[in-house]
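Chemist: I am attaching a structure below and will ask some questions about it afterwards.
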Amino acid sequence: MTQEQILDAIKEMTILQLNDLVKAIEDEFGVTAAAPVAAAAAGGAAEEEKTEFDVILNSAGDQKIKVIKVVREVTGLGLKEAKGLVDEAPKALKEGATKEEAEEIKAKLEEVGASVEVK
């Protein structure tokens with residue numbers, strides 16, 4: 001069964017059938033789908049603009065020492081903790097940052113040769 005076939009089948013379900021399906025998925029996989037179900041039940045309400053971003057360090061690149069210094073500056077961690085975080089890349093440096101803060105951190109790290117992603 002393809003993804004399109006599954007979506008078509010879901011489109012044809014009633015709200016009660018969808019509710020039963022969601023409960024079965026939650027039980028089977030041990031997850032909660034409360035927010036997505038509410039948005040789908042509201043008739044596909046417009047998505048809100050994302051306000052919190054995560055800055056992920058993918059790799060330190062060639063200048064690991066400079067990257068560690070920037071990580072210390074950005075996170076406030078000690079030398080050992082910052083080095084451990086850089087060594088464990090890919091790793092989240094900052095979670096729940098504003099868009100401006102995330103872009104600033106990304107720019108600082110890329111300036112010293114790190115590979116960074118904002119999600």
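Starting from 1 in every chain, residues are counted up; chains themselves are A, B, ... following the order of the structure tokens, and ligands are numbered from 1 as listed.
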Quick one: everything within 12 Å of region 78-80 of chain A, counting only C-alpha atoms, minus sequence neighbours fewer than 5 positions away in the same chain. Send it as a list of chain:residue names.
Modeler: A:Ile65, A:Lys66, A:Val67, A:Ile68, A:Lys69, A:Val70, A:Val71, A:Arg72, A:Glu73, A:Leu85, A:Val86, A:Asp87
Chemist: In Å, with one decimal, what is the gap from CA of Pro90 (chain A) to CA of Gly61 (chain A)?
Modeler: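 Interatomic distance, CA of Pro90 (chain A) to CA of Gly61 (chain A): 11.7 Å.
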Chemist: Please extract the residues of region 17-119 of chain A with a backbone DSSP assignment of strand (DSSP E) and present them as a PyMOL selection string.
Modeler: chain A and resi 53-59+91-97+115-118
Chemist: Do you have, as JSON lines, the list of residues of region 64-105 of chain A lying at most 10 Å from region 51-54 of chain A, each with its nearest atom pair and that distance in Å to one decimal, counting only C-alpha atoms and ordered by chain then number?
Modeler:
```
{"residue": "A:Ala92", "atom": "CA", "partner": "A:Asp54", "partner_atom": "CA", "distance": 6.7}
{"residue": "A:Leu93", "atom": "CA", "partner": "A:Asp54", "partner_atom": "CA", "distance": 7.5}
{"residue": "A:Lys94", "atom": "CA", "partner": "A:Asp54", "partner_atom": "CA", "distance": 5.6}
{"residue": "A:Glu95", "atom": "CA", "partner": "A:Asp54", "partner_atom": "CA", "distance": 4.3}
{"residue": "A:Gly96", "atom": "CA", "partner": "A:Glu52", "partner_atom": "CA", "distance": 4.6}
{"residue": "A:Ala97", "atom": "CA", "partner": "A:Phe53", "partner_atom": "CA", "distance": 5.1}
{"residue": "A:Thr98", "atom": "CA", "partner": "A:Glu52", "partner_atom": "CA", "distance": 5.3}
{"residue": "A:Lys99", "atom": "CA", "partner": "A:Phe53", "partner_atom": "CA", "distance": 6.3}
{"residue": "A:Glu100", "atom": "CA", "partner": "A:Phe53", "partner_atom": "CA", "distance": 9.5}
{"residue": "A:Glu101", "atom": "CA", "partner": "A:Phe53", "partner_atom": "CA", "distance": 8.9}
{"residue": "A:Ala102", "atom": "CA", "partner": "A:Phe53", "partner_atom": "CA", "distance": 6.6}
{"residue": "A:Glu103", "atom": "CA", "partner": "A:Phe53", "partner_atom": "CA", "distance": 9.4}
```
Chemist: Write the selection just made, keeping N, CA and C atoms, as a PDB file, in the first residue's frame?
Modeler:
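Done, and the output landed in out.pdb:
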```pdb
ATOM      1  N   ALA A  92      22.757  18.624  19.313  1.00  0.00           N
ATOM      2  CA  ALA A  92      22.051  19.893  19.473  1.00  0.00           C
ATOM      3  C   ALA A  92      22.854  20.803  20.396  1.00  0.00           C
ATOM      4  N   LEU A  93      23.131  22.019  19.926  1.00  0.00           N
ATOM      5  CA  LEU A  93      23.841  22.995  20.743  1.00  0.00           C
ATOM      6  C   LEU A  93      22.870  23.842  21.543  1.00  0.00           C
ATOM      7  N   LYS A  94      21.806  24.246  20.889  1.00  0.00           N
ATOM      8  CA  LYS A  94      20.842  25.147  21.519  1.00  0.00           C
ATOM      9  C   LYS A  94      19.461  24.735  21.056  1.00  0.00           C
ATOM     10  N   GLU A  95      18.557  24.536  21.991  1.00  0.00           N
ATOM     11  CA  GLU A  95      17.189  24.157  21.659  1.00  0.00           C
ATOM     12  C   GLU A  95      16.247  25.266  22.097  1.00  0.00           C
ATOM     13  N   GLY A  96      15.223  25.519  21.296  1.00  0.00           N
ATOM     14  CA  GLY A  96      14.238  26.531  21.640  1.00  0.00           C
ATOM     15  C   GLY A  96      14.724  27.954  21.454  1.00  0.00           C
ATOM     16  N   ALA A  97      15.685  28.164  20.561  1.00  0.00           N
ATOM     17  CA  ALA A  97      16.219  29.502  20.318  1.00  0.00           C
ATOM     18  C   ALA A  97      15.303  30.269  19.369  1.00  0.00           C
ATOM     19  N   THR A  98      15.364  31.591  19.451  1.00  0.00           N
ATOM     20  CA  THR A  98      14.623  32.400  18.492  1.00  0.00           C
ATOM     21  C   THR A  98      15.307  32.281  17.140  1.00  0.00           C
ATOM     22  N   LYS A  99      14.616  32.689  16.096  1.00  0.00           N
ATOM     23  CA  LYS A  99      15.181  32.593  14.752  1.00  0.00           C
ATOM     24  C   LYS A  99      16.462  33.422  14.643  1.00  0.00           C
ATOM     25  N   GLU A 100      16.433  34.634  15.182  1.00  0.00           N
ATOM     26  CA  GLU A 100      17.597  35.510  15.109  1.00  0.00           C
ATOM     27  C   GLU A 100      18.782  34.907  15.862  1.00  0.00           C
ATOM     28  N   GLU A 101      18.517  34.386  17.071  1.00  0.00           N
ATOM     29  CA  GLU A 101      19.573  33.788  17.879  1.00  0.00           C
ATOM     30  C   GLU A 101      20.156  32.555  17.179  1.00  0.00           C
ATOM     31  N   ALA A 102      19.289  31.727  16.604  1.00  0.00           N
ATOM     32  CA  ALA A 102      19.745  30.524  15.906  1.00  0.00           C
ATOM     33  C   ALA A 102      20.609  30.884  14.706  1.00  0.00           C
ATOM     34  N   GLU A 103      20.201  31.897  13.946  1.00  0.00           N
ATOM     35  CA  GLU A 103      20.983  32.317  12.781  1.00  0.00           C
ATOM     36  C   GLU A 103      22.328  32.906  13.199  1.00  0.00           C
TER      37      GLU A 103
END
```
Chemist: Taking only C-alpha atoms into account, which of A:Ile6, A:Ile15, A:Val74, A:Ala89 comes nearest Leu57 (chain A)?
Modeler: A:Ala89
Chemist: Please report, as a PyMOL selection string, each residue of chain A to which DSSP assigns helix (DSSP H, G or I) when run on this structure's backbone.
Modeler: chain A and resi 3-11+15-29+34-41+64-75+79-87+99-111
Chemist: Counting only C-alpha atoms, which residue out of A:Met13, A:Ile25, A:Leu18, A:Val118 sits closest to Asn58 (chain A)?
Modeler: A:Val118
Chemist: Calculate how many Å separate CA of Val31 (chain A) from CA of Leu7 (chain A), rounding to one decimal.
Modeler: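 One can read the CA of Val31 (chain A) to CA of Leu7 (chain A) distance as 19.6 Å.
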